[in-house]
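Trainee: Got final_13.tsv for you, TSV, C-alpha atoms:
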chain	number	residue	atom	x	y	z
S	1	MET	CA	154.41	226.05	158.12
S	2	GLU	CA	157.26	228.07	159.59
S	3	ARG	CA	158.52	230.52	157.01
S	4	ARG	CA	158.58	234.11	158.16
S	5	THR	CA	161.59	234.92	156.03
S	6	PHE	CA	162.27	232.91	152.91
S	7	LEU	CA	165.54	231.87	151.33
S	8	ARG	CA	168.84	233.66	151.79
S	9	ALA	CA	171.07	232.01	149.20
S	10	ALA	CA	171.29	229.27	146.66
S	11	ALA	CA	173.71	227.78	144.22
S	12	ILE	CA	173.88	224.46	142.46
S	13	GLY	CA	176.87	222.99	140.65
S	14	GLY	CA	178.95	226.17	140.67
S	15	SER	CA	176.12	228.54	139.72
S	16	SER	CA	175.07	231.35	141.99
S	17	ALA	CA	171.75	233.05	142.45
S	18	VAL	CA	170.32	235.83	144.53
S	19	LEU	CA	167.77	234.94	147.18
S	20	GLY	CA	166.40	237.08	149.94
S	21	GLY	CA	168.44	239.98	148.59
S	22	THR	CA	171.84	238.37	149.28
S	23	LEU	CA	174.18	237.18	146.53
S	24	TRP	CA	176.11	234.04	147.34
S	25	ARG	CA	178.60	232.09	145.27
S	26	GLY	CA	178.78	228.32	144.99
S	27	ALA	CA	181.51	227.94	147.61
S	28	ALA	CA	179.77	230.12	150.16
S	29	TYR	CA	177.56	227.40	151.58
S	30	ALA	CA	177.26	223.65	151.79
S	31	ALA	CA	176.00	222.64	148.37
S	32	PRO	CA	174.58	219.18	147.71
S	33	ALA	CA	177.20	216.51	147.26
S	34	GLN	CA	176.27	215.97	143.63
S	35	PRO	CA	176.16	219.04	141.35
S	36	GLY	CA	172.64	219.77	140.26
S	37	ALA	CA	171.10	217.52	142.91
S	38	GLY	CA	168.73	219.09	145.43
S	39	PRO	CA	167.05	217.63	148.52
S	40	TYR	CA	165.59	214.76	146.47
S	41	GLY	CA	168.84	213.85	144.71
S	42	ALA	CA	169.74	213.80	141.05
S	43	LEU	CA	167.20	213.26	138.30
S	44	GLY	CA	167.12	209.82	136.75
S	45	SER	CA	166.64	208.76	133.15
S	46	PRO	CA	163.31	209.54	131.45
S	47	ASP	CA	160.54	207.15	132.48
S	48	ALA	CA	157.91	205.74	130.12
S	49	ASN	CA	156.19	209.17	130.15
S	50	GLY	CA	159.38	211.04	129.32
S	51	ILE	CA	159.73	212.49	132.82
S	52	ARG	CA	163.02	212.54	134.69
S	53	LEU	CA	162.41	212.07	138.42
S	54	PRO	CA	164.50	211.51	141.54
S	55	SER	CA	164.85	207.99	142.87
S	56	GLY	CA	161.69	206.67	144.53
S	57	PHE	CA	159.24	208.74	142.46
S	58	THR	CA	156.90	207.56	139.70
S	59	SER	CA	154.62	209.28	137.20
S	60	ARG	CA	151.39	208.49	135.42
S	61	VAL	CA	149.28	210.27	132.82
S	62	ILE	CA	145.91	211.42	134.16
S	63	ALA	CA	144.45	213.04	131.07
S	64	ARG	CA	145.24	214.17	127.53
S	65	SER	CA	143.59	217.07	125.70
S	66	GLY	CA	140.85	215.90	123.35
S	67	GLN	CA	140.75	212.43	124.91
S	68	THR	CA	138.59	210.98	127.65
S	69	VAL	CA	140.00	211.15	131.15
S	70	ILE	CA	141.15	207.72	132.30
S	71	GLY	CA	138.22	205.77	133.75
S	72	THR	CA	135.58	208.32	132.64
S	73	SER	CA	133.66	209.44	129.56
S	74	TYR	CA	134.66	213.10	129.98
S	75	THR	CA	136.86	214.71	127.31
S	76	TRP	CA	139.75	216.69	128.78
S	77	HIS	CA	140.17	220.33	127.76
S	78	ASN	CA	142.89	221.85	125.58
S	79	ALA	CA	145.84	223.83	126.96
S	80	PRO	CA	145.58	222.81	130.64
S	81	ASP	CA	147.00	225.55	132.85
S	82	GLY	CA	146.63	226.63	136.50
S	83	GLY	CA	145.44	224.01	138.93
S	84	ALA	CA	144.72	223.17	142.57
S	85	CYS	CA	143.66	220.25	144.78
S	86	TYR	CA	140.76	220.01	147.23
S	87	ALA	CA	139.96	217.43	149.89
S	88	ASP	CA	136.86	215.40	149.05
S	89	GLY	CA	136.04	213.16	151.98
S	90	THR	CA	138.79	210.53	151.96
S	91	GLY	CA	139.63	211.41	148.35
S	92	TRP	CA	140.42	214.64	146.53
S	93	ILE	CA	139.72	216.74	143.45
S	94	TYR	CA	142.21	218.30	141.02
S	95	VAL	CA	140.96	221.41	139.20
S	96	SER	CA	142.56	222.63	135.96
S	97	ASN	CA	142.07	225.74	133.83
S	98	SER	CA	141.98	225.82	130.03
S	99	GLU	CA	144.06	228.59	128.48
S	100	ILE	CA	142.31	228.90	125.13
S	101	ASN	CA	140.41	231.84	123.68
S	102	PRO	CA	137.52	231.63	123.11
S	103	SER	CA	135.95	228.91	125.28
S	104	GLY	CA	138.56	228.57	128.07
S	105	GLY	CA	136.94	227.54	131.32
S	106	ALA	CA	137.99	224.86	133.78
S	107	SER	CA	137.49	221.17	134.51
S	108	ALA	CA	137.97	218.84	137.46
S	109	VAL	CA	139.05	215.26	138.11
S	110	ARG	CA	137.86	213.42	141.23
S	111	PHE	CA	139.95	210.73	142.95
S	112	SER	CA	139.12	208.10	145.55
S	113	SER	CA	141.21	207.57	148.67
S	114	THR	CA	143.42	205.15	146.71
S	115	GLY	CA	144.03	207.60	143.88
S	116	THR	CA	141.63	205.92	141.46
S	117	ILE	CA	139.88	208.38	139.15
S	118	THR	CA	136.15	208.22	139.80
S	119	SER	CA	134.81	211.07	137.64
S	120	ALA	CA	135.69	214.16	135.61
S	121	TYR	CA	133.50	217.11	134.70
S	122	ARG	CA	133.28	220.78	133.67
S	123	ILE	CA	133.11	223.50	136.33
S	124	LEU	CA	133.39	226.65	134.15
S	125	SER	CA	132.45	227.36	130.53
S	126	GLY	CA	132.13	230.28	128.14
S	127	THR	CA	135.12	232.26	129.40
S	128	ARG	CA	138.38	233.32	127.74
S	129	GLN	CA	141.94	232.10	128.15
S	130	ASN	CA	141.73	230.93	131.74
S	131	CYS	CA	145.37	230.85	132.77
S	132	ALA	CA	146.20	230.62	136.47
S	133	GLY	CA	144.06	231.28	139.54
S	134	GLY	CA	143.98	230.30	143.18
S	135	THR	CA	142.14	228.59	145.99
S	136	THR	CA	140.07	230.18	148.75
S	137	PRO	CA	139.79	229.06	152.39
S	138	TRP	CA	136.12	228.31	151.73
S	139	ASN	CA	137.05	225.74	149.05
S	140	THR	CA	136.31	227.52	145.80
S	141	TRP	CA	138.57	227.93	142.78
S	142	LEU	CA	139.29	231.42	141.42
S	143	SER	CA	139.76	231.02	137.68
S	144	CYS	CA	141.44	234.04	136.07
S	145	GLU	CA	141.14	235.29	132.49
S	146	GLU	CA	144.48	236.28	130.97
S	147	VAL	CA	143.02	238.78	128.49
S	148	SER	CA	142.72	242.54	128.41
S	149	LEU	CA	139.88	243.53	130.76
S	150	GLY	CA	139.63	239.94	131.92
S	151	TYR	CA	137.58	238.81	134.90
S	152	VAL	CA	137.97	236.48	137.88
S	153	TYR	CA	135.39	233.70	138.13
S	154	GLU	CA	134.65	231.95	141.40
S	155	THR	CA	133.92	228.31	140.71
S	156	ASP	CA	132.83	225.21	142.61
S	157	PRO	CA	135.36	222.32	142.40
S	158	TRP	CA	132.48	219.87	142.96
S	159	GLY	CA	130.59	221.30	140.00
S	160	THR	CA	127.27	221.57	141.81
S	161	ARG	CA	127.05	225.36	142.01
S	162	ALA	CA	127.22	227.68	139.02
S	163	ALA	CA	130.35	229.77	138.58
S	164	VAL	CA	130.06	233.46	139.49
S	165	ARG	CA	131.89	236.36	137.85
S	166	ARG	CA	133.53	238.56	140.49
S	167	ASP	CA	133.53	242.03	138.94
S	168	ALA	CA	134.71	243.77	142.11
S	169	MET	CA	138.08	241.99	141.80
S	170	GLY	CA	138.92	244.20	138.82
S	171	ARG	CA	139.23	243.91	135.07
S	172	PHE	CA	142.76	243.44	133.79
S	173	LYS	CA	144.96	240.66	132.36
S	174	HIS	CA	144.61	238.40	135.38
S	175	GLU	CA	147.06	235.62	136.16
S	176	ALA	CA	147.20	234.12	139.64
S	177	ALA	CA	145.43	234.63	142.96
S	178	ALA	CA	146.48	233.78	146.52
S	179	ALA	CA	144.32	234.05	149.62
S	180	ASP	CA	145.66	235.52	152.88
S	181	PRO	CA	143.34	234.47	155.73
S	182	VAL	CA	145.23	236.58	158.28
S	183	ARG	CA	144.70	239.93	156.58
S	184	GLU	CA	141.56	238.60	154.84
S	185	VAL	CA	142.60	239.63	151.35
S	186	ILE	CA	143.26	238.03	147.96
S	187	TYR	CA	146.52	238.88	146.15
S	188	LEU	CA	146.42	239.12	142.35
S	189	THR	CA	149.09	239.20	139.63
S	190	GLU	CA	148.83	240.88	136.23
S	191	ASP	CA	150.46	239.51	133.09
S	192	GLU	CA	151.56	242.74	131.39
S	193	THR	CA	155.09	244.00	130.75
S	194	ASN	CA	154.17	246.88	133.05
S	195	GLY	CA	151.76	244.90	135.19
S	196	ARG	CA	150.98	245.56	138.82
S	197	PHE	CA	150.58	243.53	141.99
S	198	TYR	CA	147.14	243.90	143.59
S	199	ARG	CA	145.14	242.83	146.58
S	200	PHE	CA	141.38	242.58	146.85
S	201	VAL	CA	139.85	243.39	150.24
S	202	PRO	CA	136.36	241.85	150.42
S	203	ALA	CA	133.70	243.80	152.27
S	204	THR	CA	132.99	240.51	154.07
S	205	TRP	CA	135.60	237.75	154.23
S	206	GLY	CA	134.23	234.72	152.46
S	207	ASP	CA	132.10	236.79	150.07
S	208	LEU	CA	133.83	238.19	146.97
S	209	SER	CA	130.80	239.99	145.57
S	210	ALA	CA	131.93	243.38	146.93
S	211	GLY	CA	135.09	244.96	148.21
S	212	THR	CA	138.04	247.19	147.40
S	213	LEU	CA	140.76	246.61	144.80
S	214	GLN	CA	144.15	247.97	145.88
S	215	VAL	CA	147.53	248.17	144.17
S	216	MET	CA	151.05	247.93	145.62
S	217	VAL	CA	152.87	251.26	145.84
S	218	ALA	CA	156.66	251.24	146.10
S	219	GLY	CA	159.82	252.63	144.56
S	220	THR	CA	161.68	251.33	141.53
S	221	ALA	CA	164.34	249.43	143.52
S	222	SER	CA	164.35	245.65	143.86
S	223	SER	CA	163.76	245.90	147.61
S	224	GLY	CA	162.24	248.31	150.08
S	225	SER	CA	158.99	249.11	151.82
S	226	PHE	CA	155.55	249.22	150.26
S	227	THR	CA	152.01	250.42	150.90
S	228	TRP	CA	148.62	249.79	149.33
S	229	ALA	CA	146.48	252.34	147.48
S	230	THR	CA	142.89	251.97	146.29
S	231	VAL	CA	142.33	251.65	142.54
S	232	PRO	CA	139.68	254.30	141.78
S	233	ASP	CA	138.04	252.39	138.92
S	234	PRO	CA	138.47	248.58	139.10
S	235	ASP	CA	136.52	248.29	135.84
S	236	GLY	CA	139.69	249.39	134.05
S	237	SER	CA	137.96	251.31	131.29
S	238	PRO	CA	138.78	253.73	129.80
S	239	THR	CA	141.87	253.92	132.07
S	240	THR	CA	143.64	250.63	132.83
S	241	THR	CA	143.88	249.66	136.48
S	242	ARG	CA	147.69	249.57	136.28
S	243	THR	CA	147.93	253.25	135.33
S	244	GLN	CA	145.40	254.76	137.74
S	245	VAL	CA	147.56	255.12	140.85
S	246	SER	CA	150.67	257.28	140.78
S	247	GLY	CA	153.64	255.50	142.34
S	248	SER	CA	152.25	251.99	141.92
S	249	LYS	CA	155.11	249.57	141.30
S	250	SER	CA	155.53	248.03	137.85
S	251	PHE	CA	156.33	244.31	137.45
S	252	ASN	CA	157.37	242.66	134.21
S	253	GLY	CA	154.83	239.95	133.48
S	254	GLY	CA	153.27	238.75	136.72
S	255	GLU	CA	152.64	235.00	136.87
S	256	GLY	CA	152.32	232.54	139.78
S	257	CYS	CA	151.46	233.58	143.33
S	258	ALA	CA	151.51	231.74	146.68
S	259	TYR	CA	150.91	232.68	150.31
S	260	ALA	CA	152.18	231.08	153.53
S	261	ASP	CA	153.10	232.28	157.02
S	262	ASP	CA	152.73	236.05	156.56
S	263	THR	CA	154.66	235.94	153.29
S	264	VAL	CA	153.49	236.12	149.68
S	265	TRP	CA	155.65	235.15	146.71
S	266	PHE	CA	155.01	235.82	143.04
S	267	THR	CA	156.92	235.33	139.82
S	268	THR	CA	157.58	237.72	136.94
S	269	LYS	CA	158.40	236.01	133.66
S	270	GLY	CA	159.70	239.11	131.83
S	271	ASP	CA	162.79	239.32	134.05
S	272	ASN	CA	162.80	235.77	135.47
S	273	ARG	CA	162.40	236.76	139.09
S	274	VAL	CA	160.66	235.51	142.20
S	275	TRP	CA	159.52	238.29	144.53
S	276	GLN	CA	158.87	238.02	148.25
S	277	LEU	CA	156.69	240.30	150.35
S	278	ASP	CA	156.98	240.24	154.14
S	279	LEU	CA	153.46	241.17	155.16
S	280	THR	CA	154.31	241.82	158.80
S	281	SER	CA	156.93	244.48	158.03
S	282	ASN	CA	155.46	245.63	154.70
S	283	THR	CA	158.79	245.14	152.93
S	284	TYR	CA	159.63	243.41	149.68
S	285	GLU	CA	162.76	241.90	148.15
S	286	LEU	CA	163.91	239.45	145.51
S	287	ALA	CA	163.75	235.79	146.41
S	288	TYR	CA	165.38	234.80	143.11
S	289	ASP	CA	166.92	236.70	140.19
S	290	ASP	CA	168.72	234.79	137.47
S	291	SER	CA	170.33	237.95	136.07
S	292	LEU	CA	172.68	237.90	139.06
S	293	VAL	CA	173.93	234.40	138.38
S	294	THR	CA	177.66	235.00	137.91
S	295	SER	CA	178.83	231.58	136.75
S	296	GLY	CA	177.40	228.42	135.30
S	297	THR	CA	173.78	228.11	134.24
S	298	ALA	CA	170.86	229.68	136.08
S	299	PRO	CA	169.12	226.90	138.04
S	300	LEU	CA	165.65	228.22	137.20
S	301	THR	CA	164.47	229.87	133.97
S	302	GLY	CA	161.04	230.78	132.64
S	303	VAL	CA	159.44	231.20	136.08
S	304	ASP	CA	155.68	230.65	136.01
S	305	ASN	CA	153.16	228.83	138.22
S	306	ILE	CA	154.20	228.16	141.81
S	307	THR	CA	152.90	226.14	144.74
S	308	SER	CA	154.11	225.45	148.25
S	309	ALA	CA	154.44	222.13	150.07
S	310	SER	CA	153.85	221.32	153.73
S	311	SER	CA	157.64	221.04	154.13
S	312	GLY	CA	157.98	224.75	153.35
S	313	ASP	CA	159.49	224.00	149.94
S	314	LEU	CA	158.36	226.17	147.04
S	315	PHE	CA	157.86	224.38	143.70
S	316	VAL	CA	158.26	226.62	140.65
S	317	ALA	CA	157.16	225.49	137.17
S	318	GLU	CA	159.06	226.62	134.09
S	319	ASP	CA	157.42	228.16	131.03
S	320	GLY	CA	159.85	226.75	128.50
S	321	GLY	CA	163.33	226.83	130.00
S	322	THR	CA	164.39	223.21	130.37
S	323	MET	CA	160.81	222.11	131.13
S	324	GLU	CA	161.47	221.59	134.80
S	325	ILE	CA	159.69	222.00	138.08
S	326	CYS	CA	162.34	223.36	140.43
S	327	VAL	CA	162.26	223.25	144.20
S	328	ILE	CA	163.38	226.16	146.38
S	329	THR	CA	163.96	224.94	149.92
S	330	PRO	CA	164.17	226.63	153.34
S	331	ALA	CA	167.75	225.28	153.43
S	332	ASP	CA	168.70	227.70	150.65
S	333	VAL	CA	168.87	225.30	147.73
S	334	ILE	CA	167.41	225.66	144.25
S	335	ALA	CA	167.41	222.50	142.15
S	336	PRO	CA	165.28	220.69	139.57
S	337	PHE	CA	162.75	218.29	141.05
S	338	LEU	CA	161.63	216.92	137.68
S	339	ARG	CA	162.23	217.49	133.99
S	340	VAL	CA	159.97	216.68	131.03
S	341	ASP	CA	161.90	215.48	127.99
S	342	GLY	CA	160.90	215.89	124.34
S	343	GLN	CA	158.43	218.73	124.91
S	344	SER	CA	160.52	221.86	124.40
S	345	ALA	CA	157.65	223.68	122.64
S	346	SER	CA	155.45	223.37	125.72
S	347	GLU	CA	155.38	224.77	129.26
S	348	ILE	CA	154.73	223.27	132.67
S	349	THR	CA	151.55	224.45	134.37
S	350	GLY	CA	149.25	223.84	137.31
S	351	PRO	CA	151.49	222.27	139.98
S	352	ALA	CA	149.42	221.28	143.02
S	353	PHE	CA	149.74	218.74	145.82
S	354	SER	CA	147.07	216.29	146.94
S	355	PRO	CA	145.77	217.11	150.43
S	356	ASP	CA	148.01	214.48	152.03
S	357	GLY	CA	151.07	215.82	150.23
S	358	THR	CA	152.03	212.50	148.62
S	359	ARG	CA	151.07	213.33	145.02
S	360	LEU	CA	151.95	216.26	142.78
S	361	TYR	CA	149.76	217.12	139.80
S	362	PHE	CA	150.84	219.27	136.87
S	363	SER	CA	150.37	219.61	133.11
S	364	SER	CA	152.48	220.03	130.03
S	365	GLN	CA	150.27	222.57	128.30
S	366	ARG	CA	151.13	221.65	124.70
S	367	GLY	CA	152.73	218.25	125.18
S	368	THR	CA	154.81	216.67	122.41
S	369	THR	CA	152.84	218.35	119.62
S	370	GLY	CA	153.50	221.96	120.60
S	371	SER	CA	149.81	222.81	120.13
S	372	SER	CA	147.03	223.49	122.63
S	373	SER	CA	145.34	220.23	121.61
S	374	GLY	CA	148.36	218.26	122.79
S	375	GLY	CA	148.15	219.00	126.52
S	376	ILE	CA	148.98	216.25	129.02
S	377	THR	CA	148.15	216.21	132.73
S	378	TYR	CA	150.34	214.12	135.02
S	379	GLU	CA	150.53	212.80	138.56
S	380	VAL	CA	153.84	212.24	140.35
S	381	ARG	CA	153.87	210.07	143.44
S	382	GLY	CA	156.66	209.47	145.92
S	383	PRO	CA	158.35	210.34	149.23
S	384	PHE	CA	157.81	214.09	149.30
S	385	ARG	CA	159.33	215.84	152.31
S	386	ALA	CA	156.95	216.37	155.19
Could I get this file's structure written as structure tokens?

Mentor:
Amino acid sequence: MERRTFLRAAAIGGSSAVLGGTLWRGAAYAAPAQPGAGPYGALGSPDANGIRLPSGFTSRVIARSGQTVIGTSYTWHNAPDGGACYADGTGWIYVSNSEINPSGGASAVRFSSTGTITSAYRILSGTRQNCAGGTTPWNTWLSCEEVSLGYVYETDPWGTRAAVRRDAMGRFKHEAAAADPVREVIYLTEDETNGRFYRFVPATWGDLSAGTLQVMVAGTASSGSFTWATVPDPDGSPTTTRTQVSGSKSFNGGEGCAYADDTVWFTTKGDNRVWQLDLTSNTYELAYDDSLVTSGTAPLTGVDNITSASSGDLFVAEDGGTMEICVITPADVIAPFLRVDGQSASEITGPAFSPDGTRLYFSSQRGTTGSSSGGITYEVRGPFRA
């Protein structure tokens, strides 16, 4: 995936947004022919599942909280949140967290090569408010507790090995994790109004049982250079990890995190921003900031979970907002890819692509009921860009 530097500008339908530190207005670049339409075109009418999709795409319900997963006897968890896909022979597995406290944990759904569900099962139990997380290059799922002094649990998507608590990765209100195989580190976000951005440096790559927790150190500006400093006490008690290092940079509500091609992106929900770190130059800047939209409606609100596609597109799920998954493309466009109707009291979570890139999985955490027991997990299939 070629993406050393991310987006430089975006505007849809007369709106403007800041990307890559440069503010552009709607007339400053070649916008899509139809206002509001991105690389996949305009959204259609709601389908039978209440999802508005571009032409050529279809959706199906995979699971509902409190009900058995289609084709299995396994009851799906409440409040589905962060998720990821793993290759499983000619098929694949979709893993999903449960953001409830107590209980939490994570479950998995296994698919055959044709997309038929063959089984579903638990992979993590007895934890608290498992929100987002991340994959590792050695095919485990890092499930993160979004509670004060929360832990990261390393889990097996196949459900054959017991989950392991990874104390060395620090105790704080964990959100997402993203692995960087080049620098051999794991990046971590923190969901606090004065949260920090961390990286964990394992003593041995591929083994998260020991290592060093570091925090990003930078100025208060929205762009500049940064360094890393070791957190003296990753246990976070009695002094929280986010307050132990002088000069560590504060972020307002860290959420989703993704890595590709020497770049890491993460979202902050408190100020509705997407941040971009260039890991080769050790510089950071804003990839998106809706506060700098000067006209029209911001194309993306309630930034939350994110995932990247093989095309280089970044898919950003909204927590509330207009219940959309928006795409941010290398061609400098931000636009809705899908919208879920009739679920304004919910949020979109867990976007993840199947290994072949033809199917996108995600959940509406509270569905039509607005409660954690109303969660719905979906699959969208169609001509995704290669």

Trainee: Using all atoms listed in the file, which of S:Leu213, S:Ala386, S:Ile62, S:Ala132 sits nearest S:Ala168?

Mentor: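 Closest candidate: S:Leu213.
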
Trainee: Counting all atoms listed in the file, figure out which residue out of S:Arg122, S:Val185, S:Cys144, S:Glu318 gets nearest to S:Gly159.

Mentor: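 Of all the options, S:Arg122 lies closest to S:Gly159.
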
Trainee: Just to confirm, what's the straight-line distance from atom CA of S:Gly115 to atom CA of S:Thr58 in Å (one decimal)?

Mentor: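 Taking atom CA of S:Gly115 and atom CA of S:Thr58, their separation equals 13.5 Å.
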
Trainee: Work out how far atom CA of S:Phe251 is from atom CA of S:Lys173, in Å to one decimal.

Mentor: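 Going from atom CA of S:Lys173 over to atom CA of S:Phe251 covers 13.0 Å.
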
Trainee: To box stretch 144-149 of chain S, take all atoms listed in the file, fit an axis-aligned box, add 8 Å on each side, and give centre and edge lengths in Å to one decimal, as JSON.

Mentor:
{"center_x": 142.2, "center_y": 238.8, "center_z": 132.2, "size_x": 20.6, "size_y": 25.5, "size_z": 23.7}

Trainee: Determine the nearest neighbour of S:Thr116 from the options S:Trp265, S:Trp138, S:Phe315, S:Trp92, counting only C-alpha atoms.

Mentor: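 When distances to S:Thr116 are compared using only C-alpha atoms, the smallest one comes from S:Trp92.
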
Trainee: Which value, in Å to one decimal, gives the distance between atom CA of S:Leu286 and atom CA of S:Ala179?

Mentor: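 One can read the atom CA of S:Leu286 to atom CA of S:Ala179 distance as 20.7 Å.
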
Trainee: Find the spatial neighbours of stretch 259-263 of chain S, counting all atoms listed in the file, within a cut-off of 12 Å - ignore same-chain residues fewer than 3 positions away - and output them as JSON, numbers by chain.

Mentor: {"S": [1, 2, 3, 4, 5, 6, 7, 134, 135, 136, 137, 176, 177, 178, 179, 180, 181, 182, 183, 184, 185, 186, 187, 188, 256, 266, 275, 276, 277, 278, 279, 280, 281, 282, 283, 284, 285, 287, 306, 307, 308, 309, 310, 311, 312, 313, 314]}

Trainee: Calculated over only C-alpha atoms, which of the candidates S:Ser119, S:Ser209, S:Ser344, S:Ser248 has the smallest distance to S:Tyr74?

Mentor: S:Ser119

Trainee: Residues proximal to (136.0, 248.5, 128.7) were defined as those with any atom within 10 Å of that point in the file's coordinates, counting all atoms listed in the file. Which are they, as a PyMOL selection string?

Mentor: chain S and resi 148-150+171-172+235-240

Trainee: Using all atoms listed in the file, determine which residues lie at most 9 Å from S:Ala87, disregarding the query and same-chain residues fewer than 5 positions distant; provide the list as a PyMOL selection string.

Mentor: chain S and resi 92-93+139+354-356

Trainee: Dump C-alpha atoms for the selected residues as an mmCIF file, keeping the file's coordinate frame?

Mentor:
data_model
loop_
_atom_site.group_PDB
_atom_site.id
_atom_site.type_symbol
_atom_site.label_atom_id
_atom_site.label_comp_id
_atom_site.auth_asym_id
_atom_site.auth_seq_id
_atom_site.Cartn_x
_atom_site.Cartn_y
_atom_site.Cartn_z
ATOM 1 C CA TRP S 92 140.420 214.640 146.530
ATOM 2 C CA ILE S 93 139.720 216.740 143.450
ATOM 3 C CA ASN S 139 137.050 225.740 149.050
ATOM 4 C CA SER S 354 147.070 216.290 146.940
ATOM 5 C CA PRO S 355 145.770 217.110 150.430
ATOM 6 C CA ASP S 356 148.010 214.480 152.030
#

Trainee: Near S:Ser55, within 9 Å and counting all atoms listed in the file, which residues show up once chain neighbours fewer than 2 positions away are dropped, as a VMD selection string?

Mentor: chain S and resid 40 to 44 53 57 to 58 382
